[in-house]
Every structure is written in C-alpha cells, then in structure tokens.
Amino acid sequence: MALFTLENISVAYNKQNILQDFNLEIEEGKFVSLLGPSGCGKTTTLRLIAGFLESNNGKFLYKGKDYTKVPVNKRNFGFVFQNYALFPHLTIFDNVAFGLRLRKASKSEIEKRVASVLEIVNLRGFEKRYPKELSGGQRQRVAIARALVIEPDLLLFDEPLSNLDANLRENMRIEIRRIQQELGITTVYVSHDQEECFAISDQVAIMNKGIIEQLSDPATIYNYPKTKFVADFIGFKNFIDFEDQTIHENEIELTKSGYTFIVQKNKENSDTDKKVGAIRPDNLVIRPIQGPVTSTKNALPGKVKIRTYLGRSYQYIVETPIGDFTVNQEMLVPYQVGEEIILEFPANNMVLVK
Amino acid sequence: MRNRTIYLLLLPGALFLTIFMVIPILLTIGSTFFNEGSFSFEGYLHYFQDKYFIGILLTTLRVSLVTTFICILLGFPVAYYISKVGTRTKVLLLLLSIFPLLTSSVVRSFSWMIIIGKNGVLNKLLLSIGLIEEPLNILYTPTAIIIGLVHLFLPLIIITLIGVLENMDEDLLTAAESLGASRLGVFAKVVLPLSMPGLVIGSILVFVGSFTAYTTPALLGGKQRVISTFLYQNATTLNDWHTAAIVATIMIVITLLVTIIMNQIAYKINPKG
Ligand SMILES: Nc1ncnc2c1ncn2[C@@H]1O[C@H](COP(=O)(O)OP(=O)(O)O)[C@@H](O)[C@H]1O
Ligand SMILES: [Mg+2]
C-alpha cells in the first residue's frame, strides 16, 4: 500500500509551471530517489512533499489522509538540506535537541535520545561543539541526526552529499542507506548523480522538465529505459529512429533507410509505439571490413571519424549512412582515423524506447 | 616589514583623535576630581545627593530606554519586510526609511510641535471626532521627547537590522519549521538570536543617541530637562564649567555601562553572535 501519494499536483513560480499534473506514489519503508538534470523540478517536488511549498491544485495524501493543507510544523517529516542548514548559534547537542524541545520532551528523555542518535551517526563527543567547528561530512551527519531524532514519518534529502568530496560522498551514502534500513524510515532522496541514486535506492524516479519519465528499481532502469530521455540520461548515447517495425514471435524486426535490425523480444519492448533503438557505446562492436560477412542484419558500413584514448579503452565516433555513432572498445591495436569498418549492433543489447 | 608599515596608515587618524578627543576627555575627567586645587570626590557626592539632578538623570535614562525599545518594536517588522523585497523596491524603501536622518532636527522638532501641540493637528482631530473632551498635554513632556527621538533614530535600527536579516539563510527558518516550530517559535529561537549582532549595534546607537541628544529634547521637552540640556545650561548660562565636567563624566560612564550591559545580554541570547 502506498504511504503517500501526490495526485495531479501543479506548482508554478512567477506564473511559469514547474510541475504540472504531477503524480507520484511511494510505498512504506522504501528508499526512493528523484534523479534528473539540474532545474528539472526535483527540489520543488521535495519541498512540496515537506510542505514548504503549496500546490495550486491536486492533492497530497498521506496514509490515506488529505495532507495538502497541513502546515510544515505539523507534518513530522525530517528534512536534510543540501547546505546542512544547521543553526550556527546552537551547539551540536542543541541543534539535535531542537525538535525534541519543541515537542516538550523531558530533559532526561532529550539527553537519552540525542545521545542515541549521535551514536547512530558516529558523532558522540561532539555535543559541545558549534557547527563552525566541524567538517562538511560531520555537519551533514549532524543534519541527519537532527532530522532523525524526531522519529520522522518520512525522511527527505535534498542533494545531501553534493558539497562533499568524492571519497566522503561514497562513505556517507553507504551510511545513509545503513541508517535508513536500520530504522526502516520511508525516504525520498534527491540527486543529480546517477551512480549515487542507483547505489542507494530501492526505486529511482527519473525526472525531466517537471514530469517523471520512469519509476522503477535501479536494474530495470539501467537495462530497460522506457523513453529516449531516460536512455540518454543513463548513458545510451546512440539512437536510431526506425521507420518500420514488425513483431515476430521471439524478435522484433526494424528498418531504417533500407538497413534491417533485429531486437530480441522481452516483456519490456513489445510496446508498438517504441520505435527508437538505443544502445550504449560499450555494446557496439567495430569489425574490420575484410573479415567474413556474418549477416547483413544489425550491421552498418562506416568510417572512423574521431578517435579518443580513454585509458582502458578507445572511444570512436563512427560515421555511417544513417548518422554518427559513439563506440567504446578495448583493444591493443586501435583502428585508424579514416579507416573503413563494419559497425555491429548485437541484438540482445539494443533496447527500444519511446 | 609590510605589516609594520601598514600601521602608518592609522597614524593621521589616531593623531587627530588623540589631540582633539582623547586628551580633552582625559583632562575633563581629571578636572572633576579636583576641588580648589585638592583631590576629592566632593563634586560627585554632591550630585548623587541632589534630588533635582537624580530626577533629570532618571528621566533621561527612562526616555532613552523607552525610545530604544519602541525603535526595536517598530523597526523589526519594517526591516524584515525590506530585507525580503526585490532589489529595486529595497533601494526605494531604504531611502524612504533613512529620510528622517537627512532633515534638520530643528525642522523635524517644529513639525512635531505643530502636530502634538495643545492646539495642534492631533488634538484638533481627536476633539472633532469626539474621542477626547480636553486637549491632550503631550508637547513639553517626556512623551514628546520620546516621539521626536523615535522619529529620529528609527532609521538606525532599521538599517542595522536589514544588514543581519538579509544575510540570514532562509533554509534555517524552513529547517526550524520542519522540526515543528511555529512562526513565533522560529522568530524567538532562530531569527532573534541570529539578529543579535545587528540588534545590539542598533540599540547602542539609538540609546547613546537618545541619551546625548540635545536639539530634540530642548525643543520638544520645554521645561522638562534632560541631562544634555542640563549640561548646556550649567556650562553656558551659569558658566559653571566644573559642574558641566562632572555631568559630562557621568554621561560617559553611563554610556559605557549600558553598552557593556547590552553586549552581555546579547551574548547570553546568542553566544556565537
Ligand atoms: N524560488 C524560485 N523562484 C523562481 N523560480 C524558481 C524558484 N525555485 C526554483 N525555480 C525554478 O524552478 C525550476 C525547478 O527548480 P528545482 O526544483 O530547484 O530544480 P532541481 O532541484 O531539479 O535542480 C528551475 O527552472 C528553477 O529555475
Ligand atoms: Mg535542487
């Protein structure tokens, strides 16, 4: 059952719609990420859930109750800000105790709960310090502790790791996941970092210009993107807009400018309005032209246009009659720029998207 | 080497202040402890037993504190509003709010006389709508002085508060709310403590300004003396410079004391401020 639902939500800034007819459903106990390019409305969505923003229409349901007009301070959701937003005039202890004091908890209870939550984020012994006296990672952990201590019904993160350096980011995301699983709190996490979202989430929602293009578990999104935008966003750099499509029993046959392509059929691609083929640079194969001709299907004649050394592999831009393709290939003796080659599209690596 | 030469830049200013301010002040203070050539506290003892003088001192203190308090109450919402509007509106509102500072105290005080005088605009208005039976006696009372001083010093509080409020991270307020704070709670626990640096500077400016103001109380206070008009009377009318020096020293000490006390209060509320 869904813990909360956004129904036909719209949000506008200066009369410009950022979210329109926005829908989202999140299940209890799940860790869900909102992933998308900067400016696509992730923060807006999160702030709406938190109650910092009001929607022009639509509904926000929480456990079946209408929460649309419930004010921020009555929602009991924990929010972790990108820039931490710790109170600079309060010690770490007082920062964490802030929410408990407002709930009129007794002194001994406050001490007990602050201690235990500081234990969870590994910050015992820092109680008397001020935020200024901590490193970025420590501040972020205080921010998490401050949100956790009120035992929130929902935990909301807005790019919590984007101000940290790469190493710390990886440690912190493991830590966030551990804490979330330990406490079983439903979590919505916003980021523009694909790897981070995939590593940490049960489900990922890919957002584009104020709408969710796809909401699935990370592996499904990685292997079977539904739309061209999602495919592009997660690294399918090559696209073919097919003209014709025939669905056979086990495979789908597609054509483009007289060239024929076969794509293996699976439960994700039998949709007839998916007519764009997408393939990752790593999955394309360049073959020398003088080799044995195996099949005329799933292959294009081409010419190497640009070659870049990436260390582990070479990246080629290959010119073909139906456009340019990007290919990554590991090899000792690379192809030369200007060399005529055959470009192969393995049938089990091409996906069809809208 | 550079570090040392950079202090030379301070020299002209420091020299000027020493010759024209520090030395005269020290001489003035020093002179108050000598009575007919011998060292004594007699001057001070005399003043602290003088009911008339104590009365003036207390009135001045009360007027200054009330003025400061009213300025804070009126200035906070205005400053908060101005700190939130767009740049162009902000410049306009700032100019409007510092306008009182740009007009002469004499002109300002005379306008207030016209408004709050016995036959002034205010009384006429209140009488005509039947709210009062007799004209109110506001002019030439401490209340009149307070009205004039608030008008004069409100801009100082507004400007210093805008400084801190503008730099306050909006997310801090949102964070407090999401942790369960009401609007009032957010103000008391976050906005107020974080405004302390500006509030203290503004309050000290207003207090010291009110405590030492001359023109406004002289014109609006009538026979009601405050400490600076009393000082002036001793120095010029009565030509009693010894007494004037003692009163001046008392003013300096009280100003310092109040500044220290306000700083202490601010530190209590926001130790990191
Ligand atoms: N306070 C605001 N006023 C006007 N426009 C805003 C405001 N906040 C965000 N926007 C606009 O809304 C869009 C979505 O913003 P946001 O939700 O912050 O995106 P994201 O978090 O995905 O980067 C952006 O185009 C941004 O410029
Ligand atoms: Mg954002």
# chains A, B, ... in the order shown; residues from 1 in each chain; ligands from 1
call {"tool": "interface_residues", "arguments": {"of": "chain A", "to": "chain B", "cutoff": "8 Å", "atoms": "only C-alpha atoms", "output": "ChimeraX atom specification"}}
result
/A:50,52,72-79,81,85-90,98-99,102-103,147,150
call {"tool": "residues_near_ligand", "arguments": {"ligand": "ligand 1", "cutoff": "7 Å", "atoms": "only C-alpha atoms and all ligand atoms", "output": "PyMOL selection string"}}
result
chain A and resi 13-14+18+36-45
call {"tool": "write_last_selection", "arguments": {"atoms": "C-alpha atoms", "output": "mmCIF file, in the first residue's frame"}}
result
data_model
loop_
_atom_site.group_PDB
_atom_site.id
_atom_site.type_symbol
_atom_site.label_atom_id
_atom_site.label_comp_id
_atom_site.auth_asym_id
_atom_site.auth_seq_id
_atom_site.Cartn_x
_atom_site.Cartn_y
_atom_site.Cartn_z
ATOM 1 C CA TYR A 13 6.927 30.176 -9.924
ATOM 2 C CA ASN A 14 6.178 33.580 -11.434
ATOM 3 C CA ILE A 18 7.385 23.875 -12.862
ATOM 4 C CA GLY A 36 17.265 14.224 -13.118
ATOM 5 C CA PRO A 37 19.235 17.080 -14.600
ATOM 6 C CA SER A 38 19.563 20.358 -12.727
ATOM 7 C CA GLY A 39 16.430 22.517 -12.953
ATOM 8 C CA CYS A 40 14.011 19.656 -13.710
ATOM 9 C CA GLY A 41 11.994 20.232 -10.530
ATOM 10 C CA LYS A 42 13.434 17.731 -8.032
ATOM 11 C CA THR A 43 13.840 20.219 -5.204
ATOM 12 C CA THR A 44 10.413 21.651 -5.944
ATOM 13 C CA THR A 45 8.870 18.186 -5.615
#
call {"tool": "closest_residue", "arguments": {"among": "A:Ser191, A:Asn171, A:Thr5, A:Gln329", "to": "ligand 2", "atoms": "only C-alpha atoms and all ligand atoms"}}
result
A:Ser191
call {"tool": "select_by_dssp", "arguments": {"residues": "region 99-244 of chain B", "states": "alpha helix (DSSP H)", "output": "compact mmCIF listing (two decimals) with N, CA, C and O atoms, in the first residue's frame"}}
result
# COMPACT_ATOMS: atom_id res chain seq x y z
N PHE B 99 15.12 58.77 5.50
CA PHE B 99 14.81 60.17 5.23
C PHE B 99 14.86 61.06 6.48
O PHE B 99 15.41 62.17 6.42
N PRO B 100 14.31 60.61 7.61
CA PRO B 100 14.35 61.45 8.81
C PRO B 100 15.77 61.90 9.16
O PRO B 100 15.97 62.99 9.67
N LEU B 101 16.75 61.04 8.88
CA LEU B 101 18.13 61.38 9.22
C LEU B 101 18.65 62.53 8.35
O LEU B 101 19.64 63.16 8.68
N LEU B 102 17.99 62.72 7.21
CA LEU B 102 18.50 63.72 6.27
C LEU B 102 17.89 65.10 6.47
O LEU B 102 18.26 66.05 5.80
N SER B 105 17.23 68.59 12.63
CA SER B 105 16.50 68.30 13.88
C SER B 105 15.54 69.43 14.21
O SER B 105 14.46 69.19 14.75
N VAL B 106 15.95 70.64 13.90
CA VAL B 106 15.10 71.79 14.24
C VAL B 106 13.79 71.72 13.46
O VAL B 106 12.71 71.82 14.03
N VAL B 107 13.93 71.49 12.15
CA VAL B 107 12.73 71.41 11.31
C VAL B 107 11.84 70.27 11.79
O VAL B 107 10.62 70.41 11.93
N ARG B 108 12.48 69.12 12.04
CA ARG B 108 11.72 67.95 12.46
C ARG B 108 10.96 68.24 13.76
O ARG B 108 9.79 67.92 13.90
N SER B 109 11.66 68.86 14.73
CA SER B 109 11.03 69.13 16.02
C SER B 109 9.88 70.12 15.89
O SER B 109 8.83 69.95 16.51
N PHE B 110 10.06 71.14 15.05
CA PHE B 110 8.98 72.10 14.87
C PHE B 110 7.74 71.45 14.24
O PHE B 110 6.62 71.77 14.60
N SER B 111 7.98 70.51 13.32
CA SER B 111 6.82 69.82 12.74
C SER B 111 6.06 69.07 13.82
O SER B 111 4.83 69.06 13.83
N TRP B 112 6.81 68.44 14.72
CA TRP B 112 6.12 67.72 15.81
C TRP B 112 5.35 68.67 16.72
O TRP B 112 4.29 68.34 17.22
N MET B 113 5.92 69.88 16.92
CA MET B 113 5.21 70.87 17.75
C MET B 113 3.86 71.18 17.13
O MET B 113 2.85 71.28 17.83
N ILE B 114 3.86 71.32 15.80
CA ILE B 114 2.60 71.62 15.11
C ILE B 114 1.63 70.47 15.26
O ILE B 114 0.43 70.65 15.44
N ILE B 115 2.15 69.26 15.25
CA ILE B 115 1.25 68.10 15.32
C ILE B 115 0.73 67.86 16.72
O ILE B 115 -0.47 67.69 16.93
N ILE B 116 1.61 67.87 17.72
CA ILE B 116 1.18 67.43 19.06
C ILE B 116 0.93 68.58 20.02
O ILE B 116 0.63 68.36 21.19
N VAL B 121 -2.56 69.68 15.34
CA VAL B 121 -3.36 68.87 14.43
C VAL B 121 -3.97 67.67 15.13
O VAL B 121 -5.16 67.37 14.98
N LEU B 122 -3.16 67.00 15.95
CA LEU B 122 -3.62 65.77 16.60
C LEU B 122 -4.80 66.05 17.53
O LEU B 122 -5.83 65.38 17.46
N ASN B 123 -4.62 67.05 18.39
CA ASN B 123 -5.69 67.38 19.33
C ASN B 123 -6.96 67.81 18.62
O ASN B 123 -8.06 67.42 19.01
N LYS B 124 -6.81 68.62 17.58
CA LYS B 124 -7.99 69.07 16.82
C LYS B 124 -8.74 67.87 16.26
O LYS B 124 -9.96 67.78 16.33
N LEU B 125 -7.98 66.96 15.72
CA LEU B 125 -8.58 65.78 15.12
C LEU B 125 -9.33 64.96 16.16
O LEU B 125 -10.51 64.62 15.99
N LEU B 126 -8.65 64.67 17.28
CA LEU B 126 -9.27 63.84 18.32
C LEU B 126 -10.49 64.52 18.92
O LEU B 126 -11.49 63.87 19.22
N LEU B 127 -10.40 65.86 19.10
CA LEU B 127 -11.54 66.59 19.64
C LEU B 127 -12.72 66.54 18.68
O LEU B 127 -13.86 66.34 19.07
N SER B 128 -12.43 66.72 17.39
CA SER B 128 -13.51 66.81 16.41
C SER B 128 -14.24 65.48 16.26
O SER B 128 -15.44 65.46 16.02
N PRO B 142 8.00 64.26 28.69
CA PRO B 142 8.92 63.21 28.22
C PRO B 142 8.35 62.46 27.01
O PRO B 142 9.10 62.06 26.12
N THR B 143 7.01 62.28 26.97
CA THR B 143 6.41 61.59 25.83
C THR B 143 6.75 62.29 24.52
O THR B 143 7.08 61.64 23.52
N ALA B 144 6.69 63.63 24.53
CA ALA B 144 7.02 64.37 23.32
C ALA B 144 8.47 64.12 22.92
O ALA B 144 8.78 63.93 21.74
N ILE B 145 9.35 64.09 23.93
CA ILE B 145 10.77 63.83 23.63
C ILE B 145 10.91 62.45 23.00
O ILE B 145 11.62 62.28 22.00
N ILE B 146 10.20 61.48 23.58
CA ILE B 146 10.30 60.11 23.04
C ILE B 146 9.82 60.06 21.60
O ILE B 146 10.48 59.49 20.73
N ILE B 147 8.68 60.72 21.32
CA ILE B 147 8.16 60.72 19.94
C ILE B 147 9.21 61.29 18.98
O ILE B 147 9.53 60.69 17.95
N GLY B 148 9.79 62.41 19.36
CA GLY B 148 10.80 63.03 18.49
C GLY B 148 12.02 62.15 18.30
O GLY B 148 12.54 62.02 17.19
N LEU B 149 12.46 61.50 19.39
CA LEU B 149 13.66 60.67 19.30
C LEU B 149 13.41 59.40 18.48
O LEU B 149 14.28 58.96 17.72
N VAL B 150 12.23 58.80 18.66
CA VAL B 150 11.91 57.60 17.87
C VAL B 150 11.93 57.94 16.39
O VAL B 150 12.52 57.24 15.57
N HIS B 151 11.32 59.06 16.07
CA HIS B 151 11.31 59.50 14.68
C HIS B 151 12.73 59.65 14.15
O HIS B 151 13.07 59.22 13.05
N LEU B 152 13.59 60.22 14.98
CA LEU B 152 14.97 60.46 14.55
C LEU B 152 15.77 59.16 14.40
O LEU B 152 16.52 58.98 13.45
N PHE B 153 15.62 58.25 15.38
CA PHE B 153 16.55 57.12 15.43
C PHE B 153 16.05 55.81 14.83
O PHE B 153 16.81 54.86 14.66
N LEU B 154 14.76 55.74 14.51
CA LEU B 154 14.23 54.52 13.90
C LEU B 154 15.06 54.06 12.70
O LEU B 154 15.35 52.87 12.56
N PRO B 155 15.48 54.97 11.82
CA PRO B 155 16.27 54.54 10.67
C PRO B 155 17.54 53.75 11.06
O PRO B 155 17.91 52.80 10.37
N LEU B 156 18.17 54.14 12.18
CA LEU B 156 19.41 53.45 12.57
C LEU B 156 19.15 51.98 12.84
O LEU B 156 19.89 51.10 12.40
N ILE B 157 18.08 51.70 13.59
CA ILE B 157 17.74 50.31 13.91
C ILE B 157 17.38 49.57 12.63
O ILE B 157 17.82 48.44 12.40
N ILE B 158 16.59 50.22 11.79
CA ILE B 158 16.16 49.55 10.56
C ILE B 158 17.37 49.16 9.71
O ILE B 158 17.49 48.02 9.27
N ILE B 159 18.29 50.10 9.55
CA ILE B 159 19.44 49.82 8.69
C ILE B 159 20.30 48.69 9.26
O ILE B 159 20.68 47.76 8.56
N THR B 160 20.59 48.74 10.56
CA THR B 160 21.46 47.69 11.10
C THR B 160 20.75 46.33 11.08
O THR B 160 21.38 45.31 10.85
N LEU B 161 19.43 46.32 11.29
CA LEU B 161 18.71 45.04 11.26
C LEU B 161 18.64 44.46 9.85
O LEU B 161 18.77 43.25 9.66
N ILE B 162 18.44 45.34 8.85
CA ILE B 162 18.41 44.84 7.48
C ILE B 162 19.71 44.12 7.17
O ILE B 162 19.72 43.06 6.54
N GLY B 163 20.81 44.68 7.65
CA GLY B 163 22.12 44.05 7.44
C GLY B 163 22.13 42.60 7.86
O GLY B 163 22.53 41.73 7.09
N VAL B 164 21.67 42.30 9.08
CA VAL B 164 21.73 40.90 9.52
C VAL B 164 20.62 40.05 8.90
O VAL B 164 20.83 38.88 8.58
N LEU B 165 19.44 40.63 8.74
CA LEU B 165 18.32 39.83 8.23
C LEU B 165 18.55 39.42 6.78
O LEU B 165 18.19 38.32 6.37
N GLU B 166 19.19 40.31 6.01
CA GLU B 166 19.46 39.98 4.61
C GLU B 166 20.38 38.78 4.48
O GLU B 166 20.25 37.98 3.56
N GLU B 170 17.68 31.53 4.51
CA GLU B 170 16.25 31.19 4.53
C GLU B 170 16.02 29.74 4.97
O GLU B 170 15.05 29.43 5.66
N ASP B 171 16.93 28.85 4.58
CA ASP B 171 16.78 27.44 4.93
C ASP B 171 16.76 27.21 6.44
O ASP B 171 16.17 26.23 6.91
N LEU B 172 17.43 28.09 7.21
CA LEU B 172 17.44 27.91 8.66
C LEU B 172 16.02 28.04 9.21
O LEU B 172 15.62 27.30 10.10
N LEU B 173 15.28 28.98 8.66
CA LEU B 173 13.91 29.20 9.13
C LEU B 173 13.04 28.01 8.71
O LEU B 173 12.24 27.50 9.50
N THR B 174 13.23 27.56 7.47
CA THR B 174 12.48 26.40 6.99
C THR B 174 12.83 25.17 7.84
O THR B 174 11.95 24.39 8.19
N ALA B 175 14.11 25.02 8.15
CA ALA B 175 14.53 23.87 8.94
C ALA B 175 13.83 23.88 10.30
O ALA B 175 13.31 22.86 10.76
N ALA B 176 13.80 25.04 10.94
CA ALA B 176 13.15 25.14 12.24
C ALA B 176 11.68 24.77 12.14
O ALA B 176 11.15 24.05 12.99
N GLU B 177 11.05 25.25 11.09
CA GLU B 177 9.63 24.93 10.90
C GLU B 177 9.42 23.43 10.71
O GLU B 177 8.50 22.84 11.26
N SER B 178 10.29 22.83 9.91
CA SER B 178 10.10 21.40 9.63
C SER B 178 10.36 20.57 10.89
O SER B 178 9.92 19.44 11.00
N ARG B 183 5.47 29.83 13.67
CA ARG B 183 6.07 31.08 13.21
C ARG B 183 6.74 31.84 14.36
O ARG B 183 7.86 32.31 14.24
N LEU B 184 6.02 31.91 15.48
CA LEU B 184 6.54 32.62 16.63
C LEU B 184 7.80 31.93 17.17
O LEU B 184 8.78 32.57 17.54
N GLY B 185 7.75 30.59 17.19
CA GLY B 185 8.90 29.82 17.65
C GLY B 185 10.12 30.07 16.77
O GLY B 185 11.24 30.21 17.27
N VAL B 186 9.90 30.11 15.46
CA VAL B 186 11.01 30.36 14.53
C VAL B 186 11.61 31.72 14.84
O VAL B 186 12.83 31.88 14.91
N LEU B 192 15.56 35.87 16.09
CA LEU B 192 16.01 36.82 17.11
C LEU B 192 17.47 36.59 17.52
O LEU B 192 18.27 37.52 17.48
N PRO B 193 17.83 35.35 17.90
CA PRO B 193 19.24 35.16 18.28
C PRO B 193 20.21 35.51 17.15
O PRO B 193 21.25 36.10 17.40
N LEU B 194 19.85 35.18 15.92
CA LEU B 194 20.77 35.46 14.82
C LEU B 194 20.79 36.94 14.45
O LEU B 194 21.71 37.39 13.78
N SER B 195 19.77 37.70 14.91
CA SER B 195 19.77 39.14 14.64
C SER B 195 20.55 39.91 15.70
O SER B 195 20.73 41.11 15.58
N MET B 196 20.94 39.21 16.77
CA MET B 196 21.55 39.88 17.92
C MET B 196 22.68 40.85 17.56
O MET B 196 22.70 41.97 18.07
N PRO B 197 23.62 40.47 16.70
CA PRO B 197 24.71 41.41 16.41
C PRO B 197 24.18 42.75 15.91
O PRO B 197 24.58 43.81 16.40
N GLY B 198 23.24 42.72 14.96
CA GLY B 198 22.69 43.96 14.43
C GLY B 198 21.83 44.68 15.45
O GLY B 198 21.86 45.90 15.58
N LEU B 199 21.08 43.88 16.21
CA LEU B 199 20.18 44.46 17.20
C LEU B 199 20.96 45.21 18.28
O LEU B 199 20.58 46.29 18.70
N VAL B 200 22.09 44.61 18.70
CA VAL B 200 22.89 45.25 19.75
C VAL B 200 23.51 46.55 19.23
O VAL B 200 23.42 47.59 19.88
N ILE B 201 24.09 46.49 18.04
CA ILE B 201 24.71 47.70 17.49
C ILE B 201 23.65 48.78 17.32
O ILE B 201 23.83 49.93 17.74
N GLY B 202 22.51 48.40 16.75
CA GLY B 202 21.43 49.36 16.54
C GLY B 202 20.95 49.94 17.85
O GLY B 202 20.78 51.15 17.99
N SER B 203 20.75 49.07 18.86
CA SER B 203 20.24 49.54 20.14
C SER B 203 21.23 50.48 20.82
O SER B 203 20.84 51.49 21.41
N ILE B 204 22.51 50.15 20.73
CA ILE B 204 23.52 51.01 21.35
C ILE B 204 23.51 52.38 20.67
O ILE B 204 23.53 53.42 21.32
N LEU B 205 23.45 52.37 19.34
CA LEU B 205 23.41 53.64 18.61
C LEU B 205 22.21 54.47 19.05
O LEU B 205 22.32 55.67 19.31
N VAL B 206 21.04 53.81 19.12
CA VAL B 206 19.83 54.54 19.49
C VAL B 206 19.91 55.03 20.93
O VAL B 206 19.62 56.18 21.23
N PHE B 207 20.36 54.14 21.82
CA PHE B 207 20.42 54.53 23.22
C PHE B 207 21.37 55.69 23.43
O PHE B 207 21.03 56.70 24.05
N VAL B 208 22.59 55.55 22.92
CA VAL B 208 23.58 56.60 23.12
C VAL B 208 23.11 57.89 22.46
O VAL B 208 23.22 58.98 23.03
N GLY B 209 22.52 57.75 21.27
CA GLY B 209 22.00 58.92 20.57
C GLY B 209 20.92 59.61 21.38
O GLY B 209 20.92 60.84 21.52
N SER B 210 20.01 58.84 21.95
CA SER B 210 18.91 59.43 22.72
C SER B 210 19.44 60.04 24.01
O SER B 210 18.99 61.09 24.45
N PHE B 211 20.37 59.35 24.63
CA PHE B 211 20.90 59.77 25.93
C PHE B 211 21.64 61.10 25.81
O PHE B 211 21.65 61.89 26.74
N THR B 212 22.25 61.32 24.65
CA THR B 212 23.06 62.53 24.50
C THR B 212 22.39 63.57 23.61
O THR B 212 22.96 64.63 23.37
N THR B 215 19.10 68.81 20.65
CA THR B 215 18.09 69.66 19.98
C THR B 215 16.67 69.17 20.23
O THR B 215 15.79 69.95 20.63
N THR B 216 16.43 67.88 19.99
CA THR B 216 15.08 67.35 20.10
C THR B 216 14.50 67.55 21.50
O THR B 216 13.41 68.13 21.64
N PRO B 217 15.21 67.14 22.57
CA PRO B 217 14.64 67.38 23.91
C PRO B 217 14.55 68.87 24.25
O PRO B 217 13.61 69.27 24.94
N ALA B 218 15.49 69.67 23.74
CA ALA B 218 15.44 71.10 24.05
C ALA B 218 14.18 71.72 23.48
O ALA B 218 13.54 72.55 24.12
N LEU B 219 13.79 71.31 22.26
CA LEU B 219 12.64 71.92 21.61
C LEU B 219 11.32 71.28 22.03
O LEU B 219 10.32 71.96 22.20
N LEU B 220 11.31 69.95 22.15
CA LEU B 220 10.05 69.27 22.45
C LEU B 220 9.82 69.09 23.95
O LEU B 220 8.72 68.80 24.38
N ILE B 227 19.60 65.31 30.53
CA ILE B 227 20.95 65.54 31.04
C ILE B 227 21.77 66.46 30.13
O ILE B 227 22.55 67.28 30.61
N SER B 228 21.56 66.38 28.82
CA SER B 228 22.37 67.22 27.94
C SER B 228 21.93 68.69 27.98
O SER B 228 22.76 69.59 27.90
N THR B 229 20.63 68.92 28.15
CA THR B 229 20.20 70.32 28.25
C THR B 229 20.63 70.90 29.60
O THR B 229 20.99 72.07 29.70
N PHE B 230 20.66 70.04 30.62
CA PHE B 230 21.13 70.45 31.95
C PHE B 230 22.61 70.83 31.87
O PHE B 230 23.05 71.84 32.42
N LEU B 231 23.37 69.99 31.15
CA LEU B 231 24.80 70.23 30.97
C LEU B 231 25.03 71.57 30.28
O LEU B 231 25.84 72.39 30.71
N TYR B 232 24.26 71.80 29.24
CA TYR B 232 24.40 73.02 28.46
C TYR B 232 24.09 74.25 29.33
O TYR B 232 24.81 75.24 29.32
N TRP B 241 31.67 75.55 34.72
CA TRP B 241 32.33 74.50 33.92
C TRP B 241 32.70 73.29 34.75
O TRP B 241 32.75 72.17 34.24
N HIS B 242 32.94 73.49 36.04
CA HIS B 242 33.28 72.35 36.90
C HIS B 242 32.09 71.38 36.96
O HIS B 242 32.23 70.18 36.72
N THR B 243 30.91 71.94 37.23
CA THR B 243 29.71 71.11 37.26
C THR B 243 29.48 70.45 35.91
O THR B 243 29.20 69.25 35.82
N ALA B 244 29.64 71.20 34.83
CA ALA B 244 29.44 70.65 33.49
C ALA B 244 30.37 69.46 33.25
O ALA B 244 29.95 68.44 32.71
call {"tool": "decode", "arguments": {"residues": "region 12-72 of chain A", "atoms": "C-alpha atoms", "output": "CSV table (one decimal), in the first residue's frame"}}
result
chain,number,residue,atom,x,y,z
A,12,ALA,CA,4.3,27.5,-10.6
A,13,TYR,CA,6.9,30.2,-9.9
A,14,ASN,CA,6.2,33.6,-11.4
A,15,LYS,CA,3.3,32.1,-13.4
A,16,GLN,CA,5.6,29.5,-15.0
A,17,ASN,CA,4.6,26.0,-14.3
A,18,ILE,CA,7.4,23.9,-12.9
A,19,LEU,CA,5.3,20.8,-12.0
A,20,GLN,CA,2.1,20.1,-13.9
A,21,ASP,CA,-0.3,17.2,-13.3
A,22,PHE,CA,2.4,15.6,-11.3
A,23,ASN,CA,1.8,12.2,-9.9
A,24,LEU,CA,3.9,10.1,-7.6
A,25,GLU,CA,3.2,7.2,-5.3
A,26,ILE,CA,5.7,5.9,-2.6
A,27,GLU,CA,5.4,2.8,-0.6
A,28,GLU,CA,6.1,2.4,3.1
A,29,GLY,CA,9.7,1.7,4.1
A,30,LYS,CA,11.1,2.3,0.6
A,31,PHE,CA,14.1,4.4,-0.3
A,32,VAL,CA,13.1,6.3,-3.4
A,33,SER,CA,15.4,8.7,-5.4
A,34,LEU,CA,14.4,11.5,-7.6
A,35,LEU,CA,17.0,11.7,-10.3
A,36,GLY,CA,17.3,14.2,-13.1
A,37,PRO,CA,19.2,17.1,-14.6
A,38,SER,CA,19.6,20.4,-12.7
A,39,GLY,CA,16.4,22.5,-13.0
A,40,CYS,CA,14.0,19.7,-13.7
A,41,GLY,CA,12.0,20.2,-10.5
A,42,LYS,CA,13.4,17.7,-8.0
A,43,THR,CA,13.8,20.2,-5.2
A,44,THR,CA,10.4,21.7,-5.9
A,45,THR,CA,8.9,18.2,-5.6
A,46,LEU,CA,10.7,17.5,-2.4
A,47,ARG,CA,9.7,20.9,-0.9
A,48,LEU,CA,6.2,20.3,-1.8
A,49,ILE,CA,6.2,16.9,0.0
A,50,ALA,CA,7.7,18.6,3.0
A,51,GLY,CA,5.1,21.3,2.9
A,52,PHE,CA,7.4,24.3,2.3
A,53,LEU,CA,5.5,24.9,-0.9
A,54,GLU,CA,1.8,24.8,-1.7
A,55,SER,CA,0.4,23.3,-4.8
A,56,ASN,CA,-2.0,25.3,-6.9
A,57,ASN,CA,-4.2,22.2,-7.3
A,58,GLY,CA,-4.1,18.5,-6.8
A,59,LYS,CA,-3.8,16.5,-3.6
A,60,PHE,CA,-1.2,15.2,-1.2
A,61,LEU,CA,-2.4,12.1,0.5
A,62,TYR,CA,-0.5,10.6,3.5
A,63,LYS,CA,-1.7,7.3,4.8
A,64,GLY,CA,-5.0,8.0,3.0
A,65,LYS,CA,-5.5,11.3,4.8
A,66,ASP,CA,-5.5,14.6,3.0
A,67,TYR,CA,-2.3,16.4,3.9
A,68,THR,CA,-2.5,19.1,1.2
A,69,LYS,CA,-3.2,21.9,3.7
A,70,VAL,CA,-1.3,20.5,6.7
A,71,PRO,CA,1.4,23.1,7.7
A,72,VAL,CA,5.1,22.2,7.7
